[in-house]
Amino acid sequence: MSSSFLAAFPLVFTQDVLIAMIASAIYGMVVGALPGLTATMATALLVPVTFYLSPIAAIATIITSSAMAIFAGDIPGCLVRIPGTPASAAYTDEAYKMTLKGQAETALGICLWFSALGGIVGTIALVLIAPALAEVALSFSTFEYFWLAILGLMCSTLVARSSPVKAIAAMLLGLLVSCIGIENPAGTPRFTFGSTDLLGGIDAIAALVGVFALAEVMRAVTQKDPPSIPDRKLGSILKGQIELTKRYPKQQIRGNIVGTLIGALPGAGADMAAWVSYSLSKRFSKEREKFGTGHPEGLVEAGASNNAALAGGWIPALLFGIPGDTITAIAIGVLYMKGLNPGPTLFTEKASSMYALYIIFLLANLLMIPLGIAMIRISKHVLKAPRSLIMPVIMVFCAVGAFSAAGNNLYAVLIVAFFGIAGYLMEENGFPVAAMVLGIVMGTMVEQNFVTSLIKSDGSILPFLSRPIAAFLAFLTFIALFWPLIAWLRRYKASLDAAAPAR
Amino acid sequence: MRISDRISGVFLALLGAAAFWGGSRLPPVPGQQVGPSAFPMVVGSGLIIVGILIALHIGRSFEEQAEAELAEHSQPDPEAEAFQRRRRWLAFLPPALMVAYYFLSERVGFVPVAAVMIAILAFTLNAKRSLILPVSIFGALAIHLVFVKLLRVPLPPGPLPMPW
């Protein structure tokens, strides 16, 4: 272990990796700070660039830019009450109220300080949990992988902030998309309608660029320009953060843990972590009445949570190839491309690369503090960049990026357009796109394990349930499937009970 | 743009039925019980079920709950909503421009097509008139330079080759 750990340092501290990290940190900060541009979009548009980098540098750009973008999303939330990324939406109100009270620097400081701490704790969790789980995962057969993948997909429907039925529909649509092409157990062309372009299947990166980037450009067309940022003198950003850390240790740790766990849940990422942590913080607070008036407590917990979620998302991604959030859904594609195929053996055969990944995570979160302060200082200039000129350029990036990611195939541009429309319409109508994306990314894996297991068992369902771990995973899957029904019944009963005394 | 749950549910159910039917017609693998048809048929049946459930408004209460929670965190802005309604069809302009790129870029070349795309969308987004022309031309040239020179992506040159 120690030898591969030492071997990781020269992998990270090379010129190309460090330059890639700093460049992607600045890129992530700017994209995250601009409202309407999300961390996932930042990652999706980075993919063509990663082609030309070494494996470690490629992963470093994704880790660094996403961490910076999640933090930078807090800046416009604090200053103009518009979250820069969805991950900041849960506590934008609270942060803005602090700004109104004249505590803008404290609010921004909390976001920065606890983001960095959250990212570091999340990384430690990744370091501790992933290799241990890898030991267990080595004994998994196709039956376990099948249930694991299905459980992952079901989780992504459970955590969606929408109707569970619509979430399952979105997931099934994603699985259906993954059926297209010849990449199936028999190599038969499926749903290709005679098109040679469809034989290779739907390029996942192009679909993701459509759903996460082009759909965002489409939304921008229907939304008014955000208000301009008022001039405001900011004092010391980090002043008082140590005191806050001492005053809210429980909130911070709870935020870290909840964030890491939610990040590890497939399909749920930083935005979900922030929502859950903010409401947990409110529920357990001794000063609940202060929430919503510019109180730092919820900000501490949610800020600590959303950055911890980023590292958590990598746990299932590295171990099983199951994305923990939409960012790792893209990262998995890059891992395969760079020969770092996800799986438990990654931790034994490519151990030094894994250690390099941990070091990059720590470095990125340390880098966040000085760069974040710089970004806060210049944010009023960055936020002046007119959306009306940025969005058109991003649209062209979508076309060019997808084209190059799909092996210079012009057909990818049509896929982007199609999935842009699909993603836009789905989001408007309450179908969570993250569930569909998971379906697209995991479809081939689900089918392969499903069909291989069925062939092994001679078409019998019994072996799917007779192995202990498989049975346990199946049990969890059915709980996930029926949980919404249970929740609904409980709510229905509660409403009946509430109505009963009135009668 | 809102589509009623009845329409989207029926659409999903029909799509599921088509997937089931299309899957069932795939040729089996000789000597094996399960082949390429199994998975599309399972997914198709699932879509039929959830499509019907959506059309019957089942699960709607969860959506209402999430919407109420979101409304708590943001104030209603009737002006923004009216703006959104007015421009709902314009949202389809970016994908339309992408389709135009698909058909035109090889014939006309990347730089002119990209510049016109940027200009059209910037105009639609009410960008400052004096900035549209320089940004669209400079933006297209810059993207071309980065992708062709640095990343070696073969963007279509068209009849007007670039000096790099």
# chains A, B, ... in the order shown; residues from 1 in each chain; ligands from 1
>>> residues_around(residues="Glu216 (chain A)", least_positions_apart="2", cutoff="12 Å", atoms="only C-alpha atoms", output="PyMOL selection string")
(chain A and resi 35-42+85-86+208-214+218-223+387+390-392+394-395+398+419-425+427-428) or (chain B and resi 91-92+94-95)
>>> interface_residues(of="chain B", to="chain A", cutoff="7 Å", atoms="only C-alpha atoms", output="MDAnalysis selection string")
chainID B and resid 1:3 29 33:36 39:40 43 47 50 54 59:60 62:63 66 73 80 83:84 87:88 90:92 94:95 98:99 102 114 118 121:122 125:127 139 151 153
>>> write_last_selection(atoms="C-alpha atoms", output="PDB file, in the first residue's frame")
ATOM      1  CA  MET B   1     -43.801  24.243 -21.783  1.00  0.00           C
ATOM      2  CA  ARG B   2     -46.344  22.153 -19.946  1.00  0.00           C
ATOM      3  CA  ILE B   3     -47.797  19.017 -21.458  1.00  0.00           C
ATOM      4  CA  VAL B  29     -30.029 -16.596 -30.573  1.00  0.00           C
ATOM      5  CA  GLN B  33     -33.597 -19.127 -24.187  1.00  0.00           C
ATOM      6  CA  VAL B  34     -32.841 -15.464 -23.659  1.00  0.00           C
ATOM      7  CA  GLY B  35     -31.583 -13.201 -26.396  1.00  0.00           C
ATOM      8  CA  PRO B  36     -31.658  -9.599 -27.486  1.00  0.00           C
ATOM      9  CA  PHE B  39     -34.513  -6.566 -22.245  1.00  0.00           C
ATOM     10  CA  PRO B  40     -36.514  -4.307 -24.603  1.00  0.00           C
ATOM     11  CA  VAL B  43     -38.428  -2.168 -20.429  1.00  0.00           C
ATOM     12  CA  LEU B  47     -43.156   1.871 -19.765  1.00  0.00           C
ATOM     13  CA  VAL B  50     -45.948   3.737 -15.730  1.00  0.00           C
ATOM     14  CA  ILE B  54     -49.083   8.824 -15.188  1.00  0.00           C
ATOM     15  CA  GLY B  59     -47.992  10.094  -7.944  1.00  0.00           C
ATOM     16  CA  ARG B  60     -49.163  13.661  -8.555  1.00  0.00           C
ATOM     17  CA  PHE B  62     -45.467  13.927  -4.580  1.00  0.00           C
ATOM     18  CA  GLU B  63     -44.970  16.519  -7.306  1.00  0.00           C
ATOM     19  CA  ALA B  66     -42.001  19.258  -4.100  1.00  0.00           C
ATOM     20  CA  HIS B  73     -37.928  29.308  -1.212  1.00  0.00           C
ATOM     21  CA  ALA B  80     -41.193  36.519 -15.313  1.00  0.00           C
ATOM     22  CA  PHE B  83     -42.246  36.398 -20.208  1.00  0.00           C
ATOM     23  CA  GLN B  84     -41.719  32.656 -20.047  1.00  0.00           C
ATOM     24  CA  ARG B  87     -41.302  32.886 -25.354  1.00  0.00           C
ATOM     25  CA  ARG B  88     -42.085  29.190 -24.862  1.00  0.00           C
ATOM     26  CA  LEU B  90     -38.548  30.350 -28.894  1.00  0.00           C
ATOM     27  CA  ALA B  91     -36.970  27.787 -26.556  1.00  0.00           C
ATOM     28  CA  PHE B  92     -36.758  25.463 -29.549  1.00  0.00           C
ATOM     29  CA  PRO B  94     -31.183  26.433 -30.082  1.00  0.00           C
ATOM     30  CA  PRO B  95     -31.924  22.827 -31.167  1.00  0.00           C
ATOM     31  CA  MET B  98     -28.070  22.692 -34.145  1.00  0.00           C
ATOM     32  CA  VAL B  99     -30.012  20.874 -36.876  1.00  0.00           C
ATOM     33  CA  TYR B 102     -25.778  19.458 -39.121  1.00  0.00           C
ATOM     34  CA  ALA B 114     -21.059  29.082 -36.115  1.00  0.00           C
ATOM     35  CA  ILE B 118     -24.154  32.824 -32.328  1.00  0.00           C
ATOM     36  CA  LEU B 121     -29.234  33.397 -30.621  1.00  0.00           C
ATOM     37  CA  ALA B 122     -27.557  36.514 -29.193  1.00  0.00           C
ATOM     38  CA  LEU B 125     -31.541  36.919 -26.119  1.00  0.00           C
ATOM     39  CA  ASN B 126     -31.544  40.726 -26.583  1.00  0.00           C
ATOM     40  CA  ALA B 127     -27.793  41.160 -26.473  1.00  0.00           C
ATOM     41  CA  GLY B 139     -16.224  33.606 -30.907  1.00  0.00           C
ATOM     42  CA  LEU B 151      -7.397  19.626 -29.812  1.00  0.00           C
ATOM     43  CA  VAL B 153     -10.649  18.133 -34.110  1.00  0.00           C
TER      44      VAL B 153
END
>>> atom_distance(atom1="CA of Ile7 (chain B)", atom2="CA of Leu53 (chain B)")
12.0 Å
>>> select_by_dssp(residues="region 230-411 of chain A", states="helix (DSSP H, G or I)", output="ChimeraX atom specification")
/A:241-247,249-264,270-284,288-290,296-320,326-337,346-349,351-382,387-405,411
>>> write_last_selection(atoms="C-alpha atoms", output="compact mmCIF listing (two decimals), in the first residue's frame")
# COMPACT_ATOMS: atom_id res chain seq x y z
CA GLN A 241 -14.90 31.02 10.36
CA ILE A 242 -12.84 29.20 12.99
CA GLU A 243 -15.31 30.40 15.63
CA LEU A 244 -18.24 29.18 13.55
CA THR A 245 -16.50 25.83 13.15
CA LYS A 246 -16.23 25.60 16.92
CA ARG A 247 -19.81 26.75 17.45
CA PRO A 249 -19.23 21.16 15.09
CA LYS A 250 -22.22 18.81 15.14
CA GLN A 251 -23.89 20.55 12.19
CA GLN A 252 -20.71 20.42 10.17
CA ILE A 253 -20.07 16.74 10.81
CA ARG A 254 -23.69 15.82 10.18
CA GLY A 255 -23.55 17.79 6.93
CA ASN A 256 -20.39 15.93 5.90
CA ILE A 257 -21.84 12.51 6.65
CA VAL A 258 -25.22 13.13 5.06
CA GLY A 259 -23.53 14.72 2.06
CA THR A 260 -21.18 11.80 1.51
CA LEU A 261 -24.00 9.25 1.84
CA ILE A 262 -26.32 11.11 -0.51
CA GLY A 263 -23.48 11.58 -2.93
CA ALA A 264 -22.86 7.84 -2.90
CA ALA A 270 -24.79 17.86 -4.44
CA ASP A 271 -28.14 19.59 -4.94
CA MET A 272 -30.07 16.85 -3.16
CA ALA A 273 -27.47 16.77 -0.36
CA ALA A 274 -27.89 20.51 0.22
CA TRP A 275 -31.69 20.27 0.38
CA VAL A 276 -31.64 17.37 2.84
CA SER A 277 -28.92 18.87 5.03
CA TYR A 278 -30.60 22.26 5.19
CA SER A 279 -33.89 20.75 6.31
CA LEU A 280 -32.15 18.39 8.78
CA SER A 281 -30.32 21.36 10.23
CA LYS A 282 -33.60 23.20 10.67
CA ARG A 283 -35.34 20.23 12.24
CA PHE A 284 -32.66 19.59 14.86
CA ARG A 288 -35.30 26.95 14.64
CA GLU A 289 -37.11 30.29 14.58
CA LYS A 290 -33.97 32.00 13.30
CA PRO A 296 -25.50 30.82 9.68
CA GLU A 297 -26.38 27.38 11.10
CA GLY A 298 -28.21 25.95 8.07
CA LEU A 299 -25.61 27.47 5.78
CA VAL A 300 -22.83 25.66 7.66
CA GLU A 301 -24.54 22.28 7.41
CA ALA A 302 -25.72 22.54 3.80
CA GLY A 303 -22.43 24.06 2.64
CA ALA A 304 -20.53 21.23 4.31
CA SER A 305 -22.89 18.74 2.71
CA ASN A 306 -22.94 19.63 -0.98
CA ASN A 307 -19.19 19.53 -1.41
CA ALA A 308 -18.89 16.28 0.55
CA ALA A 309 -21.42 14.81 -1.88
CA LEU A 310 -19.01 15.31 -4.77
CA ALA A 311 -16.46 12.87 -3.34
CA GLY A 312 -19.25 10.50 -2.27
CA GLY A 313 -20.44 10.30 -5.86
CA TRP A 314 -17.14 8.73 -6.87
CA ILE A 315 -17.52 5.75 -4.50
CA PRO A 316 -20.04 3.72 -6.55
CA ALA A 317 -18.60 5.14 -9.78
CA LEU A 318 -15.11 3.77 -9.16
CA LEU A 319 -16.26 0.52 -7.57
CA PHE A 320 -19.09 -0.58 -9.81
CA THR A 326 -24.70 13.32 -12.85
CA ILE A 327 -21.08 14.53 -12.75
CA THR A 328 -19.69 11.03 -12.24
CA ALA A 329 -22.09 9.79 -14.95
CA ILE A 330 -19.88 11.76 -17.32
CA ALA A 331 -16.67 10.91 -15.47
CA ILE A 332 -17.28 7.16 -15.92
CA GLY A 333 -17.16 7.62 -19.68
CA VAL A 334 -13.81 9.37 -19.32
CA LEU A 335 -12.50 6.63 -16.98
CA TYR A 336 -13.26 3.96 -19.60
CA MET A 337 -11.69 6.06 -22.31
CA LEU A 346 -9.13 -0.87 -9.97
CA PHE A 347 -8.07 -0.60 -6.33
CA THR A 348 -5.55 -3.40 -6.58
CA GLU A 349 -4.26 -3.22 -10.14
CA ALA A 351 -3.73 1.42 -6.87
CA SER A 352 -1.32 4.27 -7.53
CA SER A 353 -3.82 5.92 -9.89
CA MET A 354 -6.42 5.69 -7.12
CA TYR A 355 -4.08 7.31 -4.63
CA ALA A 356 -3.37 10.00 -7.20
CA LEU A 357 -7.10 10.59 -7.42
CA TYR A 358 -7.35 11.04 -3.64
CA ILE A 359 -4.43 13.48 -3.65
CA ILE A 360 -6.10 15.47 -6.44
CA PHE A 361 -9.28 15.68 -4.39
CA LEU A 362 -7.41 17.03 -1.37
CA LEU A 363 -5.39 19.43 -3.49
CA ALA A 364 -8.49 20.73 -5.25
CA ASN A 365 -10.20 21.48 -1.95
CA LEU A 366 -7.13 23.23 -0.60
CA LEU A 367 -6.79 25.22 -3.80
CA MET A 368 -10.42 26.24 -3.37
CA ILE A 369 -9.68 28.59 -0.48
CA PRO A 370 -7.24 31.04 -2.12
CA LEU A 371 -8.91 30.80 -5.53
CA GLY A 372 -12.33 31.14 -3.94
CA ILE A 373 -11.33 34.34 -2.16
CA ALA A 374 -9.98 35.71 -5.43
CA MET A 375 -13.19 34.73 -7.20
CA ILE A 376 -15.36 36.43 -4.57
CA ARG A 377 -13.30 39.59 -4.96
CA ILE A 378 -13.70 39.73 -8.73
CA SER A 379 -17.21 38.24 -8.80
CA LYS A 380 -18.91 41.52 -9.50
CA HIS A 381 -17.00 41.76 -12.77
CA VAL A 382 -17.52 38.10 -13.69
CA ARG A 387 -25.81 35.89 -20.48
CA SER A 388 -27.11 36.91 -23.91
CA LEU A 389 -23.60 36.45 -25.32
CA ILE A 390 -22.43 33.49 -23.21
CA MET A 391 -25.33 31.20 -24.04
CA PRO A 392 -24.87 31.42 -27.85
CA VAL A 393 -21.18 30.55 -27.51
CA ILE A 394 -22.08 27.60 -25.25
CA MET A 395 -24.51 26.39 -27.89
CA VAL A 396 -21.67 26.20 -30.44
CA PHE A 397 -19.53 24.44 -27.81
CA CYS A 398 -22.30 21.84 -27.46
CA ALA A 399 -22.15 21.13 -31.19
CA VAL A 400 -18.36 20.99 -31.41
CA GLY A 401 -17.87 19.15 -28.11
CA ALA A 402 -20.35 16.39 -28.93
CA PHE A 403 -18.92 16.09 -32.44
CA SER A 404 -15.42 15.45 -31.14
CA ALA A 405 -16.56 13.26 -28.20
CA TYR A 411 -24.42 12.76 -36.31
>>> atom_distance(atom1="CA of Thr43 (chain A)", atom2="CA of Ile62 (chain A)")
6.0 Å
>>> closest_residue(among="B:Pro156, B:Ala115, B:Ile58, B:Val148", to="Ser136 (chain B)", atoms="only C-alpha atoms")
B:Ala115
>>> atom_distance(atom1="CA of Ile26 (chain A)", atom2="CA of Val116 (chain B)")
28.8 Å
>>> decode(residues="region 150-161 of chain A", atoms="N, CA and C atoms", output="CSV table (one decimal), in the first residue's frame")
chain,number,residue,atom,x,y,z
A,150,ILE,N,-29.8,-2.4,-10.5
A,150,ILE,CA,-31.2,-2.1,-10.4
A,150,ILE,C,-31.5,-1.3,-9.2
A,151,LEU,N,-30.8,-1.6,-8.1
A,151,LEU,CA,-30.9,-0.8,-6.9
A,151,LEU,C,-30.5,0.6,-7.1
A,152,GLY,N,-29.4,0.8,-7.8
A,152,GLY,CA,-28.9,2.1,-8.1
A,152,GLY,C,-29.9,2.9,-8.9
A,153,LEU,N,-30.5,2.2,-9.9
A,153,LEU,CA,-31.5,2.9,-10.7
A,153,LEU,C,-32.7,3.3,-9.9
A,154,MET,N,-33.1,2.4,-9.0
A,154,MET,CA,-34.3,2.7,-8.2
A,154,MET,C,-34.0,3.8,-7.2
A,155,CYS,N,-32.8,3.9,-6.7
A,155,CYS,CA,-32.4,5.0,-5.8
A,155,CYS,C,-32.5,6.3,-6.5
A,156,SER,N,-32.1,6.3,-7.8
A,156,SER,CA,-32.1,7.5,-8.5
A,156,SER,C,-33.6,8.0,-8.7
A,157,THR,N,-34.5,7.1,-8.7
A,157,THR,CA,-35.9,7.5,-8.8
A,157,THR,C,-36.5,7.9,-7.5
A,158,LEU,N,-36.0,7.3,-6.4
A,158,LEU,CA,-36.5,7.7,-5.1
A,158,LEU,C,-36.1,9.1,-4.7
A,159,VAL,N,-34.8,9.5,-5.0
A,159,VAL,CA,-34.3,10.7,-4.5
A,159,VAL,C,-34.8,11.9,-5.4
A,160,ALA,N,-35.4,11.6,-6.5
A,160,ALA,CA,-35.8,12.7,-7.4
A,160,ALA,C,-36.9,13.5,-6.6
A,161,ARG,N,-36.8,14.9,-6.7
A,161,ARG,CA,-37.8,15.7,-6.1
A,161,ARG,C,-39.0,15.8,-7.0
